[in-house]
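Peer 1: Next comes structure-v9.txt, compact mmCIF, C-alpha atoms and all ligand atoms:
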# COMPACT_ATOMS: atom_id res chain seq x y z
CA MET Y 1 -13.19 45.19 44.98
CA ASN Y 2 -11.02 44.17 47.94
CA LEU Y 3 -7.80 42.19 47.69
CA LEU Y 4 -5.76 40.89 50.60
CA LEU Y 5 -1.97 40.92 50.33
CA ILE Y 6 -0.37 38.50 52.79
CA TYR Y 7 3.34 38.87 53.55
CA THR Y 8 5.17 35.75 54.78
CA GLY Y 9 8.83 36.64 54.11
CA GLY Y 10 11.36 35.55 51.49
CA THR Y 11 13.99 37.40 49.49
CA VAL Y 12 11.37 39.83 48.18
CA GLY Y 13 11.31 41.71 51.50
CA MET Y 14 14.92 41.30 52.61
CA VAL Y 15 17.69 43.86 53.12
CA GLN Y 16 21.42 43.35 53.49
CA ASN Y 17 22.80 43.57 57.02
CA ASP Y 18 26.27 44.98 57.83
CA GLU Y 19 27.89 41.61 57.08
CA GLY Y 20 26.25 41.57 53.65
CA SER Y 21 23.83 38.67 54.23
CA LEU Y 22 20.12 39.02 53.59
CA ARG Y 23 17.59 39.30 56.45
CA PRO Y 24 13.86 40.06 56.36
CA PHE Y 25 12.50 43.57 56.93
CA ASP Y 26 9.02 44.72 57.78
CA PHE Y 27 5.95 45.00 55.59
CA ASP Y 28 5.57 48.80 55.75
CA ALA Y 29 9.16 49.27 54.67
CA LEU Y 30 8.57 46.80 51.84
CA LEU Y 31 5.42 48.55 50.63
CA SER Y 32 7.04 51.99 50.71
CA ARG Y 33 9.12 50.65 47.77
CA VAL Y 34 5.96 49.95 45.73
CA PRO Y 35 3.73 53.04 45.90
CA GLU Y 36 2.08 51.78 42.67
CA VAL Y 37 -0.09 49.47 44.81
CA GLN Y 38 -2.22 52.52 45.72
CA ARG Y 39 -2.96 53.14 42.03
CA LEU Y 40 -4.73 49.82 41.46
CA GLU Y 41 -8.52 49.86 40.98
CA ALA Y 42 -8.90 47.45 43.90
CA ASN Y 43 -8.48 48.35 47.54
CA VAL Y 44 -5.51 46.33 48.85
CA ASP Y 45 -5.38 45.41 52.55
CA MET Y 46 -2.29 43.92 54.12
CA LEU Y 47 -1.80 41.06 56.54
CA GLU Y 48 1.24 39.61 58.28
CA LEU Y 49 0.64 36.29 60.04
CA TRP Y 50 4.12 35.93 61.54
CA ASP Y 51 7.48 37.68 61.54
CA PRO Y 52 8.84 37.47 57.96
CA MET Y 53 10.68 34.21 57.43
CA ASP Y 54 12.89 32.50 54.91
CA SER Y 55 10.54 29.93 53.36
CA SER Y 56 13.06 27.15 54.06
CA ASN Y 57 11.71 27.28 57.63
CA PHE Y 58 8.10 26.70 56.60
CA GLN Y 59 6.29 23.68 58.02
CA PRO Y 60 2.84 22.22 57.30
CA ALA Y 61 1.54 24.30 60.26
CA HIS Y 62 2.35 27.47 58.26
CA TRP Y 63 0.34 26.16 55.29
CA ALA Y 64 -2.59 25.53 57.62
CA LEU Y 65 -2.36 29.05 59.12
CA LEU Y 66 -2.35 30.57 55.65
CA ALA Y 67 -5.33 28.46 54.53
CA GLU Y 68 -7.27 29.36 57.69
CA ALA Y 69 -6.50 33.07 57.27
CA ILE Y 70 -7.78 33.01 53.70
CA SER Y 71 -10.83 30.88 54.41
CA SER Y 72 -11.94 33.02 57.36
CA ARG Y 73 -11.66 36.21 55.26
CA SER Y 74 -13.08 34.86 52.02
CA LYS Y 75 -16.36 36.80 52.40
CA ASP Y 76 -14.50 40.12 52.62
CA TYR Y 77 -12.03 39.67 49.77
CA GLN Y 78 -12.37 38.83 46.10
CA GLY Y 79 -8.77 37.70 45.81
CA PHE Y 80 -5.57 36.97 47.71
CA VAL Y 81 -1.91 37.53 46.86
CA ILE Y 82 0.78 35.92 49.03
CA LEU Y 83 4.36 37.22 49.10
CA HIS Y 84 6.47 34.15 49.72
CA GLY Y 85 10.08 32.96 49.45
CA THR Y 86 10.76 31.06 46.26
CA ASP Y 87 12.52 28.07 47.84
CA THR Y 88 9.41 26.30 49.11
CA MET Y 89 6.77 28.25 47.19
CA ALA Y 90 5.84 25.18 45.11
CA TYR Y 91 5.14 23.18 48.29
CA THR Y 92 2.98 25.91 49.84
CA ALA Y 93 1.11 26.42 46.57
CA SER Y 94 0.45 22.66 46.33
CA ALA Y 95 -0.69 22.51 49.97
CA LEU Y 96 -3.03 25.48 49.61
CA SER Y 97 -4.55 23.97 46.47
CA PHE Y 98 -5.68 20.92 48.49
CA MET Y 99 -6.60 22.79 51.68
CA LEU Y 100 -8.59 25.47 49.83
CA MET Y 101 -10.03 23.23 47.12
CA SER Y 102 -13.22 24.72 45.57
CA LEU Y 103 -12.68 28.15 47.18
CA GLY Y 104 -13.37 29.60 43.73
CA LYS Y 105 -11.17 32.70 44.21
CA PRO Y 106 -7.69 33.71 43.09
CA VAL Y 107 -4.96 32.84 45.58
CA ILE Y 108 -1.74 33.92 43.85
CA LEU Y 109 1.70 33.32 45.34
CA THR Y 110 4.61 35.41 44.19
CA GLY Y 111 8.04 36.54 45.33
CA SER Y 112 11.28 37.53 43.69
CA GLN Y 113 14.87 36.55 43.09
CA LEU Y 114 16.22 39.98 44.13
CA PRO Y 115 14.97 42.01 47.12
CA ILE Y 116 12.52 44.80 46.35
CA GLY Y 117 15.04 47.50 47.37
CA VAL Y 118 17.60 46.42 44.77
CA LEU Y 119 17.57 48.47 41.53
CA ARG Y 120 17.27 45.51 39.14
CA SER Y 121 14.75 43.69 41.34
CA ASP Y 122 12.07 41.54 39.75
CA ALA Y 123 9.86 42.09 42.81
CA ARG Y 124 7.87 45.11 41.66
CA GLU Y 125 6.70 43.55 38.40
CA ASN Y 126 5.90 40.22 40.03
CA LEU Y 127 3.87 41.85 42.81
CA MET Y 128 2.00 44.35 40.62
CA THR Y 129 1.05 41.79 37.96
CA ALA Y 130 -0.01 39.23 40.58
CA LEU Y 131 -2.35 41.87 42.04
CA GLU Y 132 -3.68 42.76 38.58
CA LEU Y 133 -4.35 39.08 37.82
CA ALA Y 134 -6.14 38.71 41.16
CA GLN Y 135 -8.52 41.54 40.28
CA LEU Y 136 -9.45 40.16 36.83
CA GLN Y 137 -13.17 39.47 36.54
CA ALA Y 138 -15.70 38.60 33.83
CA ASP Y 139 -19.47 38.64 34.40
CA ASN Y 140 -18.89 39.37 38.10
CA GLU Y 141 -16.87 36.20 38.51
CA ALA Y 142 -13.16 35.92 39.25
CA THR Y 143 -11.25 34.89 36.14
CA ILE Y 144 -8.64 32.96 38.17
CA GLN Y 145 -10.43 30.63 40.61
CA GLU Y 146 -7.52 28.59 41.90
CA VAL Y 147 -4.22 28.61 43.76
CA SER Y 148 -1.51 29.75 41.39
CA VAL Y 149 2.05 31.06 41.21
CA TYR Y 150 2.99 34.22 39.29
CA PHE Y 151 6.63 34.59 38.27
CA GLU Y 152 8.48 36.37 35.45
CA ASN Y 153 5.52 36.99 33.11
CA LYS Y 154 3.72 33.71 33.68
CA LEU Y 155 0.88 32.57 35.90
CA TYR Y 156 1.07 28.85 36.64
CA ARG Y 157 -1.21 26.40 38.40
CA GLY Y 158 0.20 26.22 41.94
CA ASN Y 159 0.28 22.44 42.22
CA ARG Y 160 2.05 22.08 38.84
CA VAL Y 161 5.17 24.19 39.45
CA TYR Y 162 8.66 23.53 40.72
CA LYS Y 163 11.55 25.91 41.30
CA LYS Y 164 13.94 25.28 38.43
CA SER Y 165 16.58 27.97 38.99
CA SER Y 166 18.28 29.52 42.00
CA GLN Y 167 19.69 32.31 39.81
CA ALA Y 168 17.43 33.16 36.88
CA PHE Y 169 14.49 35.56 37.13
CA ASP Y 170 12.57 32.89 35.23
CA ALA Y 171 12.76 30.67 38.31
CA PHE Y 172 9.72 28.40 37.95
CA ASP Y 173 8.45 25.89 35.48
CA SER Y 174 5.27 23.89 35.03
CA PRO Y 175 6.47 20.95 32.92
CA ASN Y 176 3.15 19.13 32.55
CA TRP Y 177 0.56 21.92 32.46
CA GLU Y 178 0.51 25.02 30.30
CA PRO Y 179 0.61 28.47 31.98
CA LEU Y 180 -2.79 29.84 33.02
CA ALA Y 181 -1.85 33.31 31.82
CA ILE Y 182 0.99 35.19 30.13
CA ALA Y 183 1.69 38.82 30.96
CA GLY Y 184 2.87 40.82 27.98
CA VAL Y 185 1.61 44.22 26.89
CA SER Y 186 -1.77 42.80 27.88
CA LEU Y 187 -2.71 39.93 30.18
CA HIS Y 188 -3.54 36.88 28.11
CA VAL Y 189 -5.48 34.21 30.02
CA ASP Y 190 -5.64 30.69 28.54
CA LYS Y 191 -9.25 29.81 29.42
CA ASP Y 192 -8.79 26.13 28.51
CA ALA Y 193 -6.06 25.79 31.13
CA LEU Y 194 -8.16 27.16 34.02
CA ILE Y 195 -9.44 24.81 36.71
CA GLN Y 196 -13.10 25.72 36.25
CA ASN Y 197 -12.98 24.59 32.61
CA GLY Y 198 -11.28 21.27 33.36
CA GLN Y 199 -12.06 17.80 34.68
CA ALA Y 200 -10.83 18.16 38.27
CA ALA Y 201 -13.03 16.55 40.95
CA CYS Y 202 -13.29 19.83 42.90
CA VAL Y 203 -15.07 21.71 40.08
CA GLY Y 204 -18.64 22.58 41.09
CA LYS Y 205 -18.22 21.25 44.65
CA ALA Y 206 -18.96 23.33 47.76
CA PHE Y 207 -15.93 24.71 49.59
CA SER Y 208 -14.90 23.24 52.91
CA LEU Y 209 -11.56 23.96 54.56
CA ALA Y 210 -9.34 20.90 55.20
CA THR Y 211 -5.97 21.78 56.74
CA LYS Y 212 -4.87 18.54 58.41
CA THR Y 213 -1.71 16.86 57.15
CA ASN Y 214 0.40 13.93 58.28
CA PRO Y 215 4.09 14.26 57.32
CA LYS Y 216 4.98 10.56 57.80
CA VAL Y 217 6.33 10.33 54.28
CA ALA Y 218 9.84 10.02 52.84
CA VAL Y 219 11.57 10.06 49.46
CA LEU Y 220 13.88 7.34 48.15
CA THR Y 221 15.87 8.27 45.04
CA LEU Y 222 16.86 5.23 42.98
CA PHE Y 223 20.35 5.09 41.44
CA PRO Y 224 22.39 2.43 39.71
CA GLY Y 225 24.32 0.61 42.43
CA MET Y 226 21.61 1.05 45.07
CA ASP Y 227 21.63 -2.20 47.03
CA GLU Y 228 19.16 -4.20 49.04
CA ASP Y 229 20.27 -2.75 52.41
CA ILE Y 230 19.38 0.80 51.41
CA VAL Y 231 15.92 -0.14 50.21
CA ARG Y 232 15.26 -2.38 53.22
CA ALA Y 233 16.31 0.44 55.59
CA ALA Y 234 14.13 2.96 53.76
CA PHE Y 235 11.08 0.71 53.83
CA SER Y 236 11.41 -0.26 57.47
CA GLY Y 237 12.59 3.06 58.98
CA ALA Y 238 10.90 5.30 61.54
CA LYS Y 239 7.24 4.43 61.10
CA ARG Y 240 6.73 6.09 57.73
CA LYS Y 241 3.26 5.62 56.26
CA ALA Y 242 4.28 6.28 52.67
CA ILE Y 243 7.48 6.30 50.61
CA VAL Y 244 7.77 8.18 47.33
CA MET Y 245 10.28 6.35 45.11
CA LEU Y 246 11.98 8.55 42.53
CA THR Y 247 12.42 6.11 39.69
CA TYR Y 248 13.90 6.32 36.19
CA GLY Y 249 12.18 7.62 33.03
CA SER Y 250 8.53 6.68 32.80
CA GLY Y 251 8.60 4.99 36.21
CA ASN Y 252 11.17 2.24 35.78
CA ALA Y 253 13.08 0.43 38.52
CA PRO Y 254 15.37 -2.61 38.53
CA ASN Y 255 13.20 -5.67 37.93
CA GLN Y 256 15.30 -7.84 40.17
CA PRO Y 257 13.75 -10.46 42.45
CA TRP Y 258 15.08 -8.90 45.69
CA PHE Y 259 13.56 -5.52 44.81
CA ASN Y 260 10.22 -7.02 43.84
CA GLN Y 261 10.22 -9.02 47.07
CA LEU Y 262 10.87 -5.89 49.17
CA LEU Y 263 8.10 -3.97 47.38
CA ARG Y 264 5.61 -6.72 48.19
CA GLU Y 265 6.72 -7.18 51.81
CA ALA Y 266 6.57 -3.45 52.52
CA GLN Y 267 3.04 -3.17 51.15
CA ASP Y 268 1.90 -6.29 53.02
CA ASN Y 269 3.10 -4.47 56.14
CA GLY Y 270 0.83 -1.53 55.30
CA LEU Y 271 3.37 0.87 53.77
CA ILE Y 272 2.04 2.94 50.85
CA LEU Y 273 4.55 2.99 47.98
CA ILE Y 274 4.44 5.65 45.29
CA ASN Y 275 6.24 5.69 41.95
CA ALA Y 276 7.35 9.19 40.86
CA SER Y 277 9.84 9.87 38.08
CA GLN Y 278 13.22 11.57 38.19
CA CYS Y 279 12.16 13.18 34.87
CA LYS Y 280 10.35 16.46 35.47
CA ASN Y 281 8.58 16.27 32.14
CA GLY Y 282 6.17 13.54 31.09
CA GLY Y 283 5.82 11.64 34.33
CA VAL Y 284 5.16 8.00 35.16
CA SER Y 285 3.36 5.57 32.89
CA GLN Y 286 3.71 2.26 34.72
CA PRO Y 287 2.78 -0.34 32.13
CA ASP Y 288 5.13 1.05 29.45
CA TYR Y 289 8.07 -1.25 30.27
CA ALA Y 290 8.42 -4.56 32.08
CA ALA Y 291 10.56 -2.68 34.63
CA SER Y 292 7.62 -0.43 35.56
CA ASP Y 293 4.84 -2.98 35.14
CA MET Y 294 6.47 -4.96 37.93
CA MET Y 295 5.80 -1.94 40.18
CA ARG Y 296 2.15 -1.72 39.12
CA GLN Y 297 1.56 -5.43 39.60
CA SER Y 298 2.89 -5.29 43.14
CA GLY Y 299 0.45 -2.45 43.96
CA VAL Y 300 2.74 0.61 43.79
CA LEU Y 301 0.77 3.80 43.07
CA SER Y 302 1.71 5.90 40.06
CA ALA Y 303 2.30 9.61 40.68
CA GLY Y 304 1.49 10.11 36.98
CA ASP Y 305 2.45 13.56 35.77
CA MET Y 306 2.52 15.21 39.20
CA THR Y 307 5.51 17.22 40.37
CA LEU Y 308 7.46 15.79 43.29
CA GLU Y 309 6.25 18.74 45.38
CA ALA Y 310 2.58 18.01 44.63
CA THR Y 311 3.14 14.27 45.13
CA LEU Y 312 4.62 14.74 48.60
CA VAL Y 313 2.10 17.32 49.72
CA LYS Y 314 -0.87 15.38 48.33
CA THR Y 315 0.34 12.28 50.17
CA MET Y 316 0.70 14.21 53.45
CA TRP Y 317 -2.68 15.82 52.96
CA LEU Y 318 -4.50 12.58 52.13
CA LEU Y 319 -2.83 10.86 55.12
CA GLY Y 320 -4.09 13.76 57.24
CA GLN Y 321 -7.66 13.14 56.11
CA GLY Y 322 -7.64 9.75 57.86
CA LEU Y 323 -8.73 7.73 54.82
CA ASP Y 324 -8.57 3.96 54.67
CA ASN Y 325 -6.05 2.54 52.16
CA LYS Y 326 -8.64 1.96 49.42
CA LYS Y 327 -9.97 5.52 49.62
CA PHE Y 328 -6.41 6.86 49.85
CA LYS Y 329 -5.55 5.01 46.65
CA GLU Y 330 -8.63 6.26 44.77
CA SER Y 331 -8.04 9.87 45.84
CA PHE Y 332 -4.32 9.69 45.13
CA LEU Y 333 -4.90 8.50 41.58
CA ASP Y 334 -7.72 11.01 41.02
CA ASN Y 335 -7.35 14.56 39.72
CA LEU Y 336 -8.59 16.41 42.81
CA CYS Y 337 -7.74 19.99 41.91
CA GLY Y 338 -5.83 19.96 38.65
CA GLU Y 339 -2.64 18.41 40.02
CA ARG Y 340 -2.52 15.39 37.67
CA LYS Y 341 -4.19 13.41 34.92
CA ALA Y 342 -6.55 11.03 36.71
CA LEU Y 343 -5.99 7.25 36.68
CA LYS Y 344 -8.64 4.68 37.50
CA VAL Y 345 -7.98 2.13 40.24
CA ASP Y 346 -7.59 -1.29 38.64
N1 LIG Y 401 15.54 31.51 50.70
C1 LIG Y 401 14.53 32.43 50.21
C2 LIG Y 401 13.17 31.92 50.67
O1 LIG Y 401 12.69 30.95 50.12
C3 LIG Y 401 14.59 32.52 48.73
C4 LIG Y 401 13.57 33.44 48.13
O2 LIG Y 401 12.85 34.13 48.78
O3 LIG Y 401 13.50 33.50 46.91
O4 LIG Y 401 12.56 32.54 51.53
Could you express the structure from this file as C-alpha cells?
Ligand code: ASP

Peer 2:
Amino acid sequence: MNLLLIYTGGTVGMVQNDEGSLRPFDFDALLSRVPEVQRLEANVDMLELWDPMDSSNFQPAHWALLAEAISSRSKDYQGFVILHGTDTMAYTASALSFMLMSLGKPVILTGSQLPIGVLRSDARENLMTALELAQLQADNEATIQEVSVYFENKLYRGNRVYKKSSQAFDAFDSPNWEPLAIAGVSLHVDKDALIQNGQAACVGKAFSLATKTNPKVAVLTLFPGMDEDIVRAAFSGAKRKAIVMLTYGSGNAPNQPWFNQLLREAQDNGLILINASQCKNGGVSQPDYAASDMMRQSGVLSAGDMTLEATLVKTMWLLGQGLDNKKFKESFLDNLCGERKALKVD
C-alpha cells in the first residue's frame, strides 16, 4: 500500500527563531523527528507543493493545487495525509470535500498545536494516527472514503469541523456530526457515520475533479442595535454575489419592516442571501419562529446545520460552478458530500 504525505506548513513543522517567534522549517527536518513513519506497513511518500506556510495565508488557489495534486496521483496512492496549520484547516477540509467529491479514498488533514520538535508536542500522535487511519482497509476497500480531519484522538468529517480552541490540544469540534473514528487503545470506526453509508448525493457517483471557486461572498453578523445603514451597505457593497447572514438561535433576525424590505430588494437585485446561525450547535430551522419564517418567505436560503466554514466554502464553490440561481439553490440546500441535512426547495 502507498500513502502520500503532503506538507503545507503550519505550527506542526515550525521552529523558534532567535527572537522566539515561530517560523516554518523544511520537510526532511520535520520527518527526522518522526522516524516511526518508516515502521508503518504502508510505504509513505512525501510531497511539498510550496514553501511551508502559515495557513492564515491560504487562498482558494491553494485548495485547488492540493485537490489537483491528489486527483492526479490518485491511481498511485491508496490514501493521502495532509499536514496543515490548524487556523484554516476547517476551510481547506471543506473545500477539498467539494473539489474531490466521490474520490472514494481517505484524505486526512492533521496538524498540531505545538511544533513537532517540542517535547510535549501533540504532532507525533496526530501524524502517526492519521497515517494509520489512512491505511485502514476492509475487503480491499478503504475504510475512510472521504475528506476528514484527525485531531487529538478523533477523526471528524472535514466539512463538519471548526477550530474551537487556540490553546487546547483538543482544538476541533464537529457540533452537528459524530466523529467518524475514535483512537484509543484500538481504532474504533463508527461505520454509520461514514459517507459511504449515508444519504449524501455524491455516494455512488463517478469522481470528477472540480476546483473552480468564486470568492464573491461576505459575512454579516447580526447584533442588537444593528441599524438599516449597516445592512444596506452590506447588501449593496462591492459586487458580492452572496451574503451569509449570521443570525440568532435557530435562524432568527429582527422582523422589522425595514429589514424585510432590504432582504427583498437585495434578492430582487440578484443577491443570494443565506441564513446561518451564530449557534455552532443545532443550526438553522427557518420556520420555527415568526422571526425566521420572515427570512424563508422572502427567499433567504437556510444553511441548516452546516458550519460557517462549510457554508462559506460551499457558496464559493457553487458560485464557481457557474450555476443559474435555481440550480444554485437546489445544490445549496442539498447534502452534496455529508456537509448538511438536505432540505427540499419549496
Ligand atoms: N497559525 C498556524 C497555522 O494555521 C497555526 C497552526 O498551525 O496550528 O498555520

Peer 1: Residues contacting ligand LIG 401 (chain Y) - anything with an atom at most 9 Å away, using all atoms listed in the file - can you give me those as a PyMOL selection string?

Peer 2: chain Y and resi 8-14+52-58+84-89+111-115+166

Peer 1: For a quick check of understanding, using all atoms listed in the file, which of Y:Lys329, Y:Lys239, Y:Lys164, Y:His62 has the smallest distance to Ala303 of chain Y?

Peer 2: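 Closest candidate: Y:Lys329.
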
Peer 1: So that I can check the surroundings of Glu152 of chain Y, please list as a PDB file with C-alpha atoms, in the coordinates of the input every protein, DNA and RNA residue that reaches within 9 Å of it, counting all atoms listed in the file and ignoring chain neighbours fewer than 6 positions away.

Peer 2:
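Listing of around.pdb after writing:
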ATOM      1  CA  SER Y 112      11.280  37.530  43.690  1.00  0.00           C
ATOM      2  CA  ASP Y 122      12.070  41.540  39.750  1.00  0.00           C
ATOM      3  CA  GLU Y 125       6.700  43.550  38.400  1.00  0.00           C
ATOM      4  CA  ASN Y 126       5.900  40.220  40.030  1.00  0.00           C
ATOM      5  CA  PHE Y 169      14.490  35.560  37.130  1.00  0.00           C
ATOM      6  CA  ASP Y 170      12.570  32.890  35.230  1.00  0.00           C
ATOM      7  CA  ALA Y 171      12.760  30.670  38.310  1.00  0.00           C
ATOM      8  CA  PHE Y 172       9.720  28.400  37.950  1.00  0.00           C
ATOM      9  CA  ALA Y 183       1.690  38.820  30.960  1.00  0.00           C
TER      10      ALA Y 183
END

Peer 1: Would you list the contacts of Lys280 of chain Y as a PyMOL selection string, taking every protein, DNA or RNA residue within 10 Å and counting only C-alpha atoms, but skipping same-chain residues closer than 6 positions in sequence?

Peer 2: chain Y and resi 162+164+173-176+249+305-308

Peer 1: Pick out the residues sitting within 6 Å of Arg264 of chain Y, and hand them over as a PyMOL selection string; count only C-alpha atoms, and ignore anything fewer than 3 positions along from it in its own chain.

Peer 2: chain Y and resi 261+267+298

Peer 1: With all atoms listed in the file as the basis for distance, which of Y:Arg73, Y:Glu146, Y:Trp63, Y:Gly237 is at the shortest distance from Gly198 of chain Y?

Peer 2: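 That would be Y:Glu146, the residue with the smallest distance to Gly198 of chain Y.
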